[in-house]
Structures are given as structure tokens and as C-alpha cells.
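Asks: My questions will all concern the structure given below.
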Amino acid sequence: MSARVAGVILLAALLCVPFAVRSEFWLSFWLLVLLFAFLGQSWNVLGGYGGQFSFGHALFFGIGAYGTAVLQVRHGINAYVAGAMAVAIGALMGGIIGLLVFRYRLRGAYFALVTLAFAEVARILVASFQYTGSGFGILIPLSRSVENFQFADRRVFYLLAWVLVVIGSLIAIWLENSRFGAQLMAVRENEDAAQALGINIVRTKVLAIALSGGMAATVGVFYVQNYLFVDSHIAFGPAMSIEALLVCLVGGLGSVFGPLFGSVVLHAIGEAAKQATGNAPGLNLVLYGIILIVALRFLPNGIAGLFARRTRPKREAANA
Amino acid sequence: MLKVRDLDKRFGGIAAVDGASLDVAQGEIVALIGPNGAGKTTLFAAITGFVLPDTGHVRFLGETITGLPPHVICARGMVRTFQIVQPFGALTVRENIAVGAHLHHPRRKDALARAEQVAAQVGLDKRLDQPASTLTVAGRKRLELARALATEPKLLLLDEVMAGLNPTEISEIVPVVRAIRDSGVTVMLIEHVMQAVVSLSDRAYVLNNGRIIASGTTAEVASDPNVIEAYLGHGAAERVKTQLQAGHAS
């Protein structure tokens with residue numbers, strides 16, 4: 001069975017969840033799995049296909065979440081318009097950071113550190129101003145109606161998140177079958193060679209981080225519309241950045257369904273551990289660390305790499 | 001088609017390229033030879049925009065291209081290969097070549113089809129679906145050539161495509177390069193394999209310590225005393241001459 005087939009089956013199974021599961025808790029749980037899968041996909045666009053490892057994807061997530069909340073609460077803008085604007089701001093911020101960072105040729109660890117720094121700066125800034133709710137965060141007033149992007153039936157939201165994951169997979173498939181994707185992967189593999197073959201590497205990477213930023217911001221929008229609350233730690237804290245890269249690393253870098261596999265497996269294990277140990281705080285993080293080590297050691301291509309591969313070689317071979 | 005004038009590139013106190021000038025005309029195969037460390041690769045890098053020359057200028061197809069980034073120069077029709085091959089390891093041979101083909105073919109299907117044609121041209125058509133990382137050295141050199149060729153260049157700069165190949169592999173790649181020229185692509189090559197230089201190129205430039213010390217037909221430069229000294233050390237030309245004469249006398 002190829003990873004593609006497994007991914008499609010998993011997607012189909014996830015579509016059935018709201019009709020099979022009655023408990024609010026489990027519906028919420030699977031909703032989060034879907035949102036993190038899409039967040040992972042946003043990271044995958046930049047990290048998996050573009051080879052640029054961001055440690056600060058919370059920045060884009062936070063921009064989406066805070067953007068939507070602030071625009072609605074402070075400016076009375078309609079939820080959908082606010083969401084769309086927040087996504088656009090996320091993409092724009094991605095582009096700006098990309099221009100700054102890639103023009104000056106920051107790569108690898110330096111790129112990771114700069115993204116981390118941006119997210120931290122955003123976290124501190126947001127917690128410092130009344131306008132963004134300072135230390136308390138922002139609450140979106142409860143007003144369940146379709147116009148407000150708040151649904152009385154949580155299943156609607158779940159289905160929207162499911163559609164989001166499908167769109168994310170389509171974006172990845174597009175990357176694997178388009179000029180832009182080919183150029184992005186060429187940049188990931190070897191920047192000098194890519195440049196020699198006529199690829200504008202700065203432009204390619206800037207577009208990738210803008211796309212990635214817009215996608216991550218979308219997750220923020222959905223998150224805040226679901227919980228109707230956001231604070232600086234949730235939005236810009238390192239946990240969200242780690243979540244984004246971890247689901248990807250565990251699931252399989254640069255593969256269409258990798259982030260989805262990663263999200264499902266990580267959260268299933270995390271939840272099982274929580275239940276088994278009676279909610280010991282921080283245990284899920286310990287577990288994440290262990291899973292990451294095991295995954296890196298035994299699954300160089302992530303969970304997606306477990307399935308019959310099409311043509312892509314093992315990561316070690318690629319480095320040889 | 002290519003005019004290089006008084007190109008200088010210094011790294012710290014060392015002049016890697018020191019006032020180099022050369023011309024390449026349409027349809028030629030021109031060789032750039034010289035001992036190790038002569039500055040050949042740096043000269044290539046300065047021509048193709050990978051390093052910014054300190055002074056001097058490069059004109060290509062009548063336009064000054066000095067200081068333009070490599071991808072712009074490539075789009076104008078001049079492409080280089082790398083001496084140390086740089087395959088996109090995780091991609092297949094077909095995908096590797098398609099990256100080059102995408103320069104002029106926006107659609108994936110067209111680029112992949114073009115990649116197949118180019119692969120056939122350089123003899124990689126049996127290896128299309130193999131990951132580039134699994135190719136042999138000879139295969140990687142061909143891939144390097146194929147990717148560059150897929151960008152449909154007017155001028156192709158080849159940096160030691162034959163280094164590390166055995167004599168059989170060299171004799172296989174020589175006709176490939178010749179066929180590329182015959183298809184209308186001008187070629188400039190850095191090469192150490194003299195057999196290939198002599199059989200392929202119309203003219204040669206010899207670079208030593210960053211300076212062009214000789215130019216002319218390959219036969220002319222091979223017998224130039226300056227060139228022999230550059231390769232074999234001071235006084236070598238004289239010794240070679242006397243030894244040859246002694247050989248004839250006995």
C-alpha cells in the first residue's frame with residue numbers, strides 16, 4: 001500500500017468521525033488533530049518541500065488567531081472578513097520575513113533561530129499592549145450564528161477543518177506536480193545548482209514562506225473561532241511551533257500525507273498517555289520528545305516512509 | 001558571443017583571476033586549460049555571476065552581464081555545470097533534468113517530456129526513474145550536463161565534465177559534447193584531459209596564476225614554451241627540447 005492510498009483511507013475515516021462519535025470531547029480531539037495536520041502541512045510546504053526549517057511557525061499561527069480576534073473585537077469587522085484579512089497578513093508577514101532572511105542568505109540553524117526570535121518578539125509585544133488584550137488574552141463574544149463563523153453544531157466546524165486538510169493535501173500534490181514545486185525542491189536539494197539552472201532562489205523561498213505563513217494563519221483563524229479565546233502563550237508560544245514541525249518530522253517530511261499521519265499518531269499516543277497517567281502535567285511533552293527520538297532513529301522518512309515508496313529514496317541516500 | 005575583458009577577482013591577497021580577457025565566438029568549442037589552482041573555476045564563476053568580479057566586464061550576446069545574478073544569466077542563455085557535481089539527490093534523474101527544462105517550459109508535462117529528450121541526448125535514458133543519488137560518478141557528470149542542456153542554452157560552460165572518468169567513459173562523452181555543439185550550442189570547457197581537449201576544441205586559452213598566458217589552436221598552445229613551463233616548472237621547456245633533440249640524435 002502506498003502512502004497516498006493510506007492517506008486517502010485515513011481522510012475518509014476522519015470524515016466519518018462526526019457521524020460516528022457522539023462525545024463532545026472526542027469530536028474536539030479529532031478537530032484539533034485536523035487543525036494540527038494542516039498546521040503541519042503549512043510547515044511541510046516550507047520545511048519539507050523547501051528545506052527551510054522554521055522554529056517559529058507559531059508566529060503565523062498567532063497572527064491568524066490574534067488578527068481575527070482583534071479585528072472582530074476591537075474593530076467590529078465580520079468574522080469571515082477578519083479571518084481572510086488575518087490570513088493575508090500572515091502571508092504578508094511570511095513574505096516580509098522571507099525577504100529579510102533569505103536576501104541575507106540565512107540558512108539552516110540561523111534561519112531557525114530568526115524565526116524563533118520573531119515568534120518570541122510577537123509573543124512579548126502582544127502581551128504588552130492593551131489593544132491586544134495584554135496578559136489576559138482576547139475573548140471573542142459568544143454569538144453562535146453562521147454569519148459570525150460560530151456554529152451551534154460543532155460538527156460543522158469539524159467538517160470545515162476536514163476540508164482544510166483536504167486543501168492542504170491538494171497544495172502538497174500541486175507542489176509535487178508543478179514548476180514552482182520542482183524549483184522549490186531543487187532549492188532544498190542544492191541552492192547553487194538551482195541558481196545555475198535559472199531559478200531565482202530568493203523569490204522561490206519567499207513565495208514558499210508566504211504560502212506557508214498564510215496556511216498557518218488559517219489554522220489560527222479556525223482555532224480562535226472554535227475556542228473563542230486566545231492569549232499570547234497559546235498563540236505565539238514555542239509549543240505551537242514545535243507542534244508544527246513535530247507532526248511533520250514524525251509523519252514524513254516532504255510527503256503529501258505526512259503531516260496528517262504525524263498529527264493522528266502523535267495526538268493518539270499523547271492522549272492515550274494522558275488517560276493512562278491521569279493527566280500528569282507536561283507528560284505529553286516528555287512523550288513527544290521520546291517519540292521524536294525514536295522516529296528520527298528508526299523512521300528517517302517518517303510514518304509516510306513506512307509505506308511502499310514510489311520513487312523517493314531514503315534520506316540517508318540523499319545525503320550520501 | 002562572449003567577451004571577457006580584464007577580469008579581476010581577488011580573495012584577500014591572492015589574485016585568483018588577474019586581468020583575464022577572452023572571446024568565444026558562436027559555434028565554437030573553446031577550451032580553458034591550466035594547472036590546478038590557476039583560477040579556471042573562479043573565472044567561470046565570475047563569468048556566470050556566482051562571484052562578483054572586482055574589476056573588468058563580461059559581455060554576452062552584446063550586452064553587459066557583469067554583476068547580474070546567476071539565474072538571470074542562465075535565463076539569457078548561458079549556463080554552467082559544476083566540477084564537483086551537484087545533483088538534486090532526492091529527486092529522480094527525470095526530475096533533476098526537468099528542473100532545468102522548467103526554465104522555458106512552465107507546464108510540468110512539457111518539462112518532463114523535454115527532460116526525456118535531453119536524457120536521450122546524453123545517454124541517460126535508461127536511468128530516468130533512478131534517484132540521482134544512486135548514479136555513478138560518470139552518471140552524475142552526464143546528469144550535470146543534461147540539466148544544463150535542458151535550460152536550452154546558447155552558451156554552455158562545462159567545468160571538468162570528464163574529471164574522474166575512465167578512458168572508456170571519456171570516449172563516450174566526447175561525441176556527446178561534439179553533438180551538442182553541432183546542435184547549435186556554443187561550448188566552453190575547462191578540462192584537464194588533454195586527449196579530450198585536443199579532439200574536441202577548436203581553440204584553447206591557457207590560464208596560469210589567474211592570467212591568460214597563451215591562446216590559439218590546441219596544437220599551438222600545447223607546444224608553447226610558456227605553457228610547458230606553467231605545467232612542468234621553470235626551465236622545463238628547455239629541458240623538454242634538449243631531451244627531444246637527444247632522443248632524435250640517438
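Labels used: A, B, ... for chains in the order of the C-alpha cells, numbers from 1 for residues in each chain, and numbers from 1 for ligands as shown.
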Could you pull the residues within 12 Å of Ala148 in chain B, counting only C-alpha atoms, minus those fewer than 4 positions along the same chain, as a PyMOL selection string?

Replies: (chain A and resi 193-198) or (chain B and resi 74-75+77-82+85-87+96-103+115+118-119+122+141-144+152-159+161+180+185+187)

Asks: Next, write the just-selected residues to a file, as a short mmCIF file (atom, residue, chain, number, x, y, z; two decimals), in the first residue's frame, keeping C-alpha atoms as the atom set.

Replies:
data_model
loop_
_atom_site.label_atom_id
_atom_site.label_comp_id
_atom_site.auth_asym_id
_atom_site.auth_seq_id
_atom_site.Cartn_x
_atom_site.Cartn_y
_atom_site.Cartn_z
CA ALA A 193 22.79 24.13 -8.72
CA ALA A 194 19.28 25.57 -8.58
CA GLN A 195 20.64 29.05 -9.22
CA ALA A 196 22.78 27.83 -12.08
CA LEU A 197 19.67 26.40 -13.72
CA GLY A 198 17.92 29.74 -13.76
CA CYS B 74 21.06 31.50 -17.13
CA ALA B 75 17.77 32.86 -18.44
CA GLY B 77 21.21 31.66 -22.37
CA MET B 78 24.49 30.99 -20.59
CA VAL B 79 24.63 28.07 -18.22
CA ARG B 80 27.44 26.40 -16.32
CA THR B 81 28.00 22.97 -14.82
CA PHE B 82 29.91 22.26 -11.64
CA VAL B 85 28.73 17.57 -9.26
CA GLN B 86 25.68 18.95 -7.50
CA PRO B 87 22.79 16.58 -8.17
CA ASN B 96 16.54 16.63 -11.99
CA ILE B 97 16.61 17.37 -15.70
CA ALA B 98 13.07 18.74 -15.60
CA VAL B 99 14.24 21.44 -13.18
CA GLY B 100 16.41 22.78 -15.96
CA ALA B 101 13.69 22.30 -18.55
CA HIS B 102 11.24 24.32 -16.46
CA LEU B 103 13.18 27.46 -17.34
CA ALA B 115 13.75 16.01 -19.81
CA VAL B 118 17.67 15.61 -23.16
CA ALA B 119 18.36 12.42 -21.23
CA VAL B 122 23.44 12.48 -23.11
CA LYS B 141 28.61 14.06 -14.77
CA ARG B 142 26.14 13.27 -17.51
CA LEU B 143 23.30 14.44 -15.32
CA GLU B 144 25.13 17.70 -14.67
CA GLU B 152 18.28 25.35 -23.75
CA PRO B 153 21.40 27.48 -23.51
CA LYS B 154 23.19 29.33 -26.27
CA LEU B 155 26.50 29.02 -24.48
CA LEU B 156 27.35 26.08 -22.28
CA LEU B 157 30.24 26.31 -19.80
CA LEU B 158 31.44 22.87 -18.77
CA ASP B 159 33.65 22.64 -15.71
CA VAL B 161 32.86 17.09 -17.12
CA ILE B 180 25.79 19.39 -28.52
CA VAL B 185 25.16 25.33 -28.75
CA VAL B 187 30.68 25.32 -25.73
#

Asks: I'd like the contact shell of Val224 in chain A - 6 Å cut-off, only C-alpha atoms, skipping same-chain residues fewer than 4 positions apart - returned as a ChimeraX atom specification.

Replies: /A:65,228-229

Asks: When DSSP is applied to the backbone of this structure, which of range 117-309 of chain A are assigned strand (DSSP E)? Write them out as an MDAnalysis selection string.

Replies: chainID A and resid 138:139 229:230

Asks: Would you export the selected residues with N, CA and C atoms as a CSV table (one decimal), in the first residue's frame, please?

Replies:
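Listed below is the output, selection_20.csv:
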chain,number,residue,atom,x,y,z
A,138,ILE,N,-7.5,37.6,24.5
A,138,ILE,CA,-8.8,38.2,24.0
A,138,ILE,C,-9.9,37.1,23.9
A,139,LEU,N,-11.0,37.5,24.3
A,139,LEU,CA,-12.2,36.7,24.3
A,139,LEU,C,-13.1,37.2,23.1
A,229,PHE,N,-11.2,32.1,22.2
A,229,PHE,CA,-10.3,32.8,23.1
A,229,PHE,C,-8.8,32.5,22.7
A,230,VAL,N,-8.0,33.5,22.9
A,230,VAL,CA,-6.6,33.3,22.6
A,230,VAL,C,-5.8,34.2,23.5

Asks: Write out as a list in words the residues lying within 7 Å of range 177-191 of chain A, counting only C-alpha atoms and excluding same-chain residues fewer than 2 positions away.

Replies: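 The residues satisfying every condition are Tyr49, Gly50, Gly51, Ile173, Trp174, Leu175, Ala193, Ala194, Gln195, Ile199, Ile201 and Thr204 of chain A; Gln86, Phe88, Gly89, Val99, His102, Pro106, Arg107 and Arg108 of chain B.
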
Asks: Using N, CA and C atoms, can you write the selected residues to a file as an mmCIF file, in the first residue's frame?

Replies:
data_model
loop_
_atom_site.group_PDB
_atom_site.id
_atom_site.type_symbol
_atom_site.label_atom_id
_atom_site.label_comp_id
_atom_site.auth_asym_id
_atom_site.auth_seq_id
_atom_site.Cartn_x
_atom_site.Cartn_y
_atom_site.Cartn_z
ATOM 1 N N TYR A 49 9.205 20.597 1.693
ATOM 2 C CA TYR A 49 9.468 20.767 0.265
ATOM 3 C C TYR A 49 10.562 21.804 0.013
ATOM 4 N N GLY A 50 10.650 22.809 0.911
ATOM 5 C CA GLY A 50 11.622 23.876 0.677
ATOM 6 C C GLY A 50 12.920 23.732 1.453
ATOM 7 N N GLY A 51 12.935 22.804 2.432
ATOM 8 C CA GLY A 51 14.161 22.583 3.188
ATOM 9 C C GLY A 51 14.523 23.700 4.165
ATOM 10 N N ILE A 173 0.126 18.097 -3.260
ATOM 11 C CA ILE A 173 0.120 17.384 -4.548
ATOM 12 C C ILE A 173 0.481 18.354 -5.668
ATOM 13 N N TRP A 174 -0.046 19.569 -5.572
ATOM 14 C CA TRP A 174 0.296 20.581 -6.576
ATOM 15 C C TRP A 174 1.810 20.846 -6.572
ATOM 16 N N LEU A 175 2.375 20.942 -5.366
ATOM 17 C CA LEU A 175 3.822 21.186 -5.296
ATOM 18 C C LEU A 175 4.608 20.076 -5.991
ATOM 19 N N ALA A 193 23.226 24.752 -7.473
ATOM 20 C CA ALA A 193 22.793 24.129 -8.719
ATOM 21 C C ALA A 193 21.472 24.730 -9.181
ATOM 22 N N ALA A 194 20.577 24.995 -8.226
ATOM 23 C CA ALA A 194 19.280 25.571 -8.579
ATOM 24 C C ALA A 194 19.468 26.929 -9.255
ATOM 25 N N GLN A 195 20.347 27.726 -8.680
ATOM 26 C CA GLN A 195 20.635 29.047 -9.222
ATOM 27 C C GLN A 195 21.222 28.948 -10.627
ATOM 28 N N ILE A 199 16.997 29.373 -11.536
ATOM 29 C CA ILE A 199 15.971 29.569 -10.512
ATOM 30 C C ILE A 199 16.363 30.750 -9.618
ATOM 31 N N ILE A 201 16.422 31.903 -6.400
ATOM 32 C CA ILE A 201 16.211 31.173 -5.146
ATOM 33 C C ILE A 201 15.557 32.035 -4.075
ATOM 34 N N THR A 204 11.828 32.157 -4.886
ATOM 35 C CA THR A 204 11.201 30.863 -4.631
ATOM 36 C C THR A 204 10.963 30.654 -3.139
ATOM 37 N N GLN B 86 26.674 18.513 -8.488
ATOM 38 C CA GLN B 86 25.681 18.949 -7.503
ATOM 39 C C GLN B 86 24.298 18.402 -7.851
ATOM 40 N N PHE B 88 20.504 16.977 -7.494
ATOM 41 C CA PHE B 88 19.409 17.071 -6.519
ATOM 42 C C PHE B 88 19.147 15.628 -6.096
ATOM 43 N N GLY B 89 19.863 15.194 -5.045
ATOM 44 C CA GLY B 89 19.953 13.784 -4.710
ATOM 45 C C GLY B 89 18.636 13.059 -4.505
ATOM 46 N N VAL B 99 14.007 20.142 -13.839
ATOM 47 C CA VAL B 99 14.237 21.438 -13.177
ATOM 48 C C VAL B 99 14.859 22.418 -14.167
ATOM 49 N N HIS B 102 12.298 23.401 -16.902
ATOM 50 C CA HIS B 102 11.244 24.319 -16.463
ATOM 51 C C HIS B 102 11.560 25.777 -16.777
ATOM 52 N N PRO B 106 6.903 26.114 -18.626
ATOM 53 C CA PRO B 106 6.197 26.271 -17.349
ATOM 54 C C PRO B 106 5.390 25.035 -16.965
ATOM 55 N N ARG B 107 4.848 24.309 -17.962
ATOM 56 C CA ARG B 107 3.990 23.177 -17.610
ATOM 57 C C ARG B 107 4.818 21.945 -17.293
ATOM 58 N N ARG B 108 4.396 21.260 -16.234
ATOM 59 C CA ARG B 108 5.125 20.102 -15.745
ATOM 60 C C ARG B 108 5.275 19.045 -16.830
#

Asks: Please compute the CA of Met240 in chain A-CA of Ala127 in chain A distance, one decimal, in Å.

Replies: 16.6 Å

Asks: Which residue out of B:Leu91, B:Leu7, B:Ile33, B:Leu2 has the minimum interatomic distance to chain A when only C-alpha atoms are used?

Replies: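 Of B:Leu91, B:Leu7, B:Ile33, B:Leu2, the one nearest chain A is B:Leu91, counting only C-alpha atoms.
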
Asks: Counting only C-alpha atoms, what is within 12 Å of Ala12 in chain A, bar same-chain residues fewer than 6 positions away, as a list in words?

Replies: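 Contacts, with the query itself left out: Val5, Ala6, Pro18, Leu159, Trp162, Val163, Val165 and Val166 of chain A.
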
Asks: With C-alpha atoms retained, export the selected residues as a compact mmCIF listing (two decimals), in the first residue's frame.

Replies:
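Result went into result37.txt, see below:
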# COMPACT_ATOMS: atom_id res chain seq x y z
CA VAL A 5 -3.62 5.29 -0.60
CA ALA A 6 -3.18 5.11 3.16
CA PRO A 18 -18.55 13.34 13.41
CA LEU A 159 -16.16 19.27 8.57
CA TRP A 162 -11.56 18.36 7.32
CA VAL A 163 -11.97 20.33 4.08
CA VAL A 165 -6.86 19.25 5.45
CA VAL A 166 -8.01 18.14 2.00

Asks: Taking 3 positions as the minimum chain separation for residues in the same chain, which residues sit within 12 Å of Phe44 in chain B when counting only C-alpha atoms? Answer as a PDB file with N, CA and C atoms, in the first residue's frame.

Replies:
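Saved as selection_32.pdb:
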ATOM      1  N   ALA A 196      22.131  27.992 -10.781  1.00  0.00           N
ATOM      2  CA  ALA A 196      22.783  27.825 -12.082  1.00  0.00           C
ATOM      3  C   ALA A 196      21.763  27.461 -13.157  1.00  0.00           C
TER       4      ALA A 196
ATOM      5  N   VAL B   4      35.095  38.634 -22.572  1.00  0.00           N
ATOM      6  CA  VAL B   4      35.516  38.909 -21.196  1.00  0.00           C
ATOM      7  C   VAL B   4      36.713  39.849 -21.284  1.00  0.00           C
ATOM      8  N   LEU B   7      39.217  40.877 -16.496  1.00  0.00           N
ATOM      9  CA  LEU B   7      38.502  40.446 -15.291  1.00  0.00           C
ATOM     10  C   LEU B   7      39.482  40.181 -14.149  1.00  0.00           C
ATOM     11  N   LYS B   9      39.640  39.063  -9.976  1.00  0.00           N
ATOM     12  CA  LYS B   9      38.952  38.636  -8.755  1.00  0.00           C
ATOM     13  C   LYS B   9      40.004  38.270  -7.728  1.00  0.00           C
ATOM     14  N   ALA B  16      42.954  35.500  -7.741  1.00  0.00           N
ATOM     15  CA  ALA B  16      42.517  34.232  -8.323  1.00  0.00           C
ATOM     16  C   ALA B  16      42.392  34.384  -9.837  1.00  0.00           C
ATOM     17  N   VAL B  17      41.847  35.524 -10.239  1.00  0.00           N
ATOM     18  CA  VAL B  17      41.789  35.856 -11.658  1.00  0.00           C
ATOM     19  C   VAL B  17      42.412  37.239 -11.783  1.00  0.00           C
ATOM     20  N   ALA B  20      42.055  38.753 -16.741  1.00  0.00           N
ATOM     21  CA  ALA B  20      41.798  37.777 -17.800  1.00  0.00           C
ATOM     22  C   ALA B  20      40.863  38.351 -18.864  1.00  0.00           C
ATOM     23  N   LEU B  22      39.062  37.117 -22.665  1.00  0.00           N
ATOM     24  CA  LEU B  22      38.915  36.064 -23.675  1.00  0.00           C
ATOM     25  C   LEU B  22      37.642  36.280 -24.486  1.00  0.00           C
ATOM     26  N   ALA B  31      38.453  25.638 -25.271  1.00  0.00           N
ATOM     27  CA  ALA B  31      38.890  25.024 -24.020  1.00  0.00           C
ATOM     28  C   ALA B  31      39.600  26.060 -23.166  1.00  0.00           C
ATOM     29  N   LEU B  32      39.428  25.909 -21.871  1.00  0.00           N
ATOM     30  CA  LEU B  32      40.184  26.723 -20.921  1.00  0.00           C
ATOM     31  C   LEU B  32      40.996  25.740 -20.107  1.00  0.00           C
ATOM     32  N   ILE B  33      42.319  25.786 -20.294  1.00  0.00           N
ATOM     33  CA  ILE B  33      43.142  24.821 -19.573  1.00  0.00           C
ATOM     34  C   ILE B  33      44.128  25.562 -18.682  1.00  0.00           C
ATOM     35  N   ALA B  38      44.884  27.420 -11.028  1.00  0.00           N
ATOM     36  CA  ALA B  38      45.179  28.525 -11.943  1.00  0.00           C
ATOM     37  C   ALA B  38      44.080  29.585 -11.928  1.00  0.00           C
ATOM     38  N   GLY B  39      42.904  29.213 -11.448  1.00  0.00           N
ATOM     39  CA  GLY B  39      41.803  30.169 -11.394  1.00  0.00           C
ATOM     40  C   GLY B  39      40.726  29.916 -12.435  1.00  0.00           C
ATOM     41  N   LYS B  40      40.752  28.731 -13.036  1.00  0.00           N
ATOM     42  CA  LYS B  40      39.792  28.442 -14.105  1.00  0.00           C
ATOM     43  C   LYS B  40      38.353  28.454 -13.597  1.00  0.00           C
ATOM     44  N   THR B  41      38.145  27.752 -12.483  1.00  0.00           N
ATOM     45  CA  THR B  41      36.787  27.669 -11.952  1.00  0.00           C
ATOM     46  C   THR B  41      36.307  29.030 -11.458  1.00  0.00           C
ATOM     47  N   ILE B  47      32.264  34.746 -14.595  1.00  0.00           N
ATOM     48  CA  ILE B  47      31.537  34.970 -15.852  1.00  0.00           C
ATOM     49  C   ILE B  47      30.044  34.707 -15.656  1.00  0.00           C
ATOM     50  N   THR B  48      29.711  33.662 -14.868  1.00  0.00           N
ATOM     51  CA  THR B  48      28.313  33.257 -14.750  1.00  0.00           C
ATOM     52  C   THR B  48      27.601  33.881 -13.549  1.00  0.00           C
ATOM     53  N   GLY B  49      28.257  34.810 -12.866  1.00  0.00           N
ATOM     54  CA  GLY B  49      27.570  35.560 -11.818  1.00  0.00           C
ATOM     55  C   GLY B  49      27.622  34.945 -10.441  1.00  0.00           C
ATOM     56  N   PHE B  50      28.379  33.846 -10.268  1.00  0.00           N
ATOM     57  CA  PHE B  50      28.445  33.234  -8.947  1.00  0.00           C
ATOM     58  C   PHE B  50      29.369  33.991  -8.012  1.00  0.00           C
ATOM     59  N   VAL B  51      30.411  34.595  -8.558  1.00  0.00           N
ATOM     60  CA  VAL B  51      31.193  35.534  -7.756  1.00  0.00           C
ATOM     61  C   VAL B  51      31.235  36.855  -8.509  1.00  0.00           C
ATOM     62  N   LEU B  52      31.274  37.928  -7.752  1.00  0.00           N
ATOM     63  CA  LEU B  52      31.279  39.256  -8.345  1.00  0.00           C
ATOM     64  C   LEU B  52      32.727  39.643  -8.636  1.00  0.00           C
ATOM     65  N   PRO B  53      33.069  39.904  -9.897  1.00  0.00           N
ATOM     66  CA  PRO B  53      34.453  40.292 -10.173  1.00  0.00           C
ATOM     67  C   PRO B  53      34.755  41.671  -9.583  1.00  0.00           C
ATOM     68  N   VAL B  58      32.047  41.571 -18.407  1.00  0.00           N
ATOM     69  CA  VAL B  58      31.673  40.414 -19.210  1.00  0.00           C
ATOM     70  C   VAL B  58      30.531  40.840 -20.113  1.00  0.00           C
ATOM     71  N   PRO B  70      23.233  34.747 -11.064  1.00  0.00           N
ATOM     72  CA  PRO B  70      23.343  33.579 -11.946  1.00  0.00           C
ATOM     73  C   PRO B  70      22.042  33.208 -12.653  1.00  0.00           C
ATOM     74  N   MET B  78      23.164  31.521 -20.920  1.00  0.00           N
ATOM     75  CA  MET B  78      24.489  30.990 -20.593  1.00  0.00           C
ATOM     76  C   MET B  78      24.376  30.182 -19.316  1.00  0.00           C
ATOM     77  N   VAL B  79      24.784  28.929 -19.382  1.00  0.00           N
ATOM     78  CA  VAL B  79      24.634  28.068 -18.216  1.00  0.00           C
ATOM     79  C   VAL B  79      25.935  27.336 -17.948  1.00  0.00           C
ATOM     80  N   ARG B  80      26.213  27.099 -16.691  1.00  0.00           N
ATOM     81  CA  ARG B  80      27.441  26.404 -16.321  1.00  0.00           C
ATOM     82  C   ARG B  80      27.129  25.070 -15.658  1.00  0.00           C
ATOM     83  N   THR B  81      28.098  24.176 -15.655  1.00  0.00           N
ATOM     84  CA  THR B  81      27.999  22.974 -14.821  1.00  0.00           C
ATOM     85  C   THR B  81      29.053  23.095 -13.735  1.00  0.00           C
ATOM     86  N   PHE B  82      28.981  22.209 -12.767  1.00  0.00           N
ATOM     87  CA  PHE B  82      29.915  22.257 -11.644  1.00  0.00           C
ATOM     88  C   PHE B  82      30.908  21.121 -11.714  1.00  0.00           C
ATOM     89  N   GLN B  83      32.157  21.473 -11.395  1.00  0.00           N
ATOM     90  CA  GLN B  83      33.216  20.474 -11.354  1.00  0.00           C
ATOM     91  C   GLN B  83      32.887  19.413 -10.304  1.00  0.00           C
ATOM     92  N   LEU B 156      27.287  27.057 -23.362  1.00  0.00           N
ATOM     93  CA  LEU B 156      27.354  26.083 -22.276  1.00  0.00           C
ATOM     94  C   LEU B 156      28.776  26.080 -21.724  1.00  0.00           C
ATOM     95  N   LEU B 157      28.911  26.334 -20.421  1.00  0.00           N
ATOM     96  CA  LEU B 157      30.238  26.311 -19.798  1.00  0.00           C
ATOM     97  C   LEU B 157      30.377  25.020 -19.001  1.00  0.00           C
ATOM     98  N   LEU B 158      31.296  24.173 -19.420  1.00  0.00           N
ATOM     99  CA  LEU B 158      31.443  22.867 -18.771  1.00  0.00           C
ATOM    100  C   LEU B 158      32.702  22.855 -17.918  1.00  0.00           C
ATOM    101  N   ASP B 159      32.507  22.652 -16.624  1.00  0.00           N
ATOM    102  CA  ASP B 159      33.649  22.637 -15.713  1.00  0.00           C
ATOM    103  C   ASP B 159      34.058  21.194 -15.436  1.00  0.00           C
ATOM    104  N   GLU B 160      35.062  20.725 -16.155  1.00  0.00           N
ATOM    105  CA  GLU B 160      35.620  19.384 -15.957  1.00  0.00           C
ATOM    106  C   GLU B 160      34.574  18.280 -15.958  1.00  0.00           C
ATOM    107  N   MET B 188      32.144  26.163 -24.018  1.00  0.00           N
ATOM    108  CA  MET B 188      33.440  26.486 -23.469  1.00  0.00           C
ATOM    109  C   MET B 188      33.688  25.492 -22.349  1.00  0.00           C
ATOM    110  N   LEU B 189      34.864  24.867 -22.355  1.00  0.00           N
ATOM    111  CA  LEU B 189      35.069  23.847 -21.336  1.00  0.00           C
ATOM    112  C   LEU B 189      36.397  23.980 -20.628  1.00  0.00           C
ATOM    113  N   ILE B 190      36.341  23.723 -19.328  1.00  0.00           N
ATOM    114  CA  ILE B 190      37.549  23.573 -18.536  1.00  0.00           C
ATOM    115  C   ILE B 190      37.861  22.093 -18.556  1.00  0.00           C
ATOM    116  N   LEU B 207      45.354  29.315 -18.728  1.00  0.00           N
ATOM    117  CA  LEU B 207      45.338  30.199 -17.575  1.00  0.00           C
ATOM    118  C   LEU B 207      46.394  29.717 -16.588  1.00  0.00           C
ATOM    119  N   GLY B 210      46.001  32.941 -12.588  1.00  0.00           N
ATOM    120  CA  GLY B 210      44.964  33.941 -12.862  1.00  0.00           C
ATOM    121  C   GLY B 210      45.136  34.699 -14.161  1.00  0.00           C
TER     122      GLY B 210
END

Asks: Using only C-alpha atoms, find the one residue out of B:Leu149, B:Ala15, B:Ala113, B:Gly34 that sits nearest to chain A.

Replies: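 Of the candidates, the smallest distance to chain A is held by B:Leu149.
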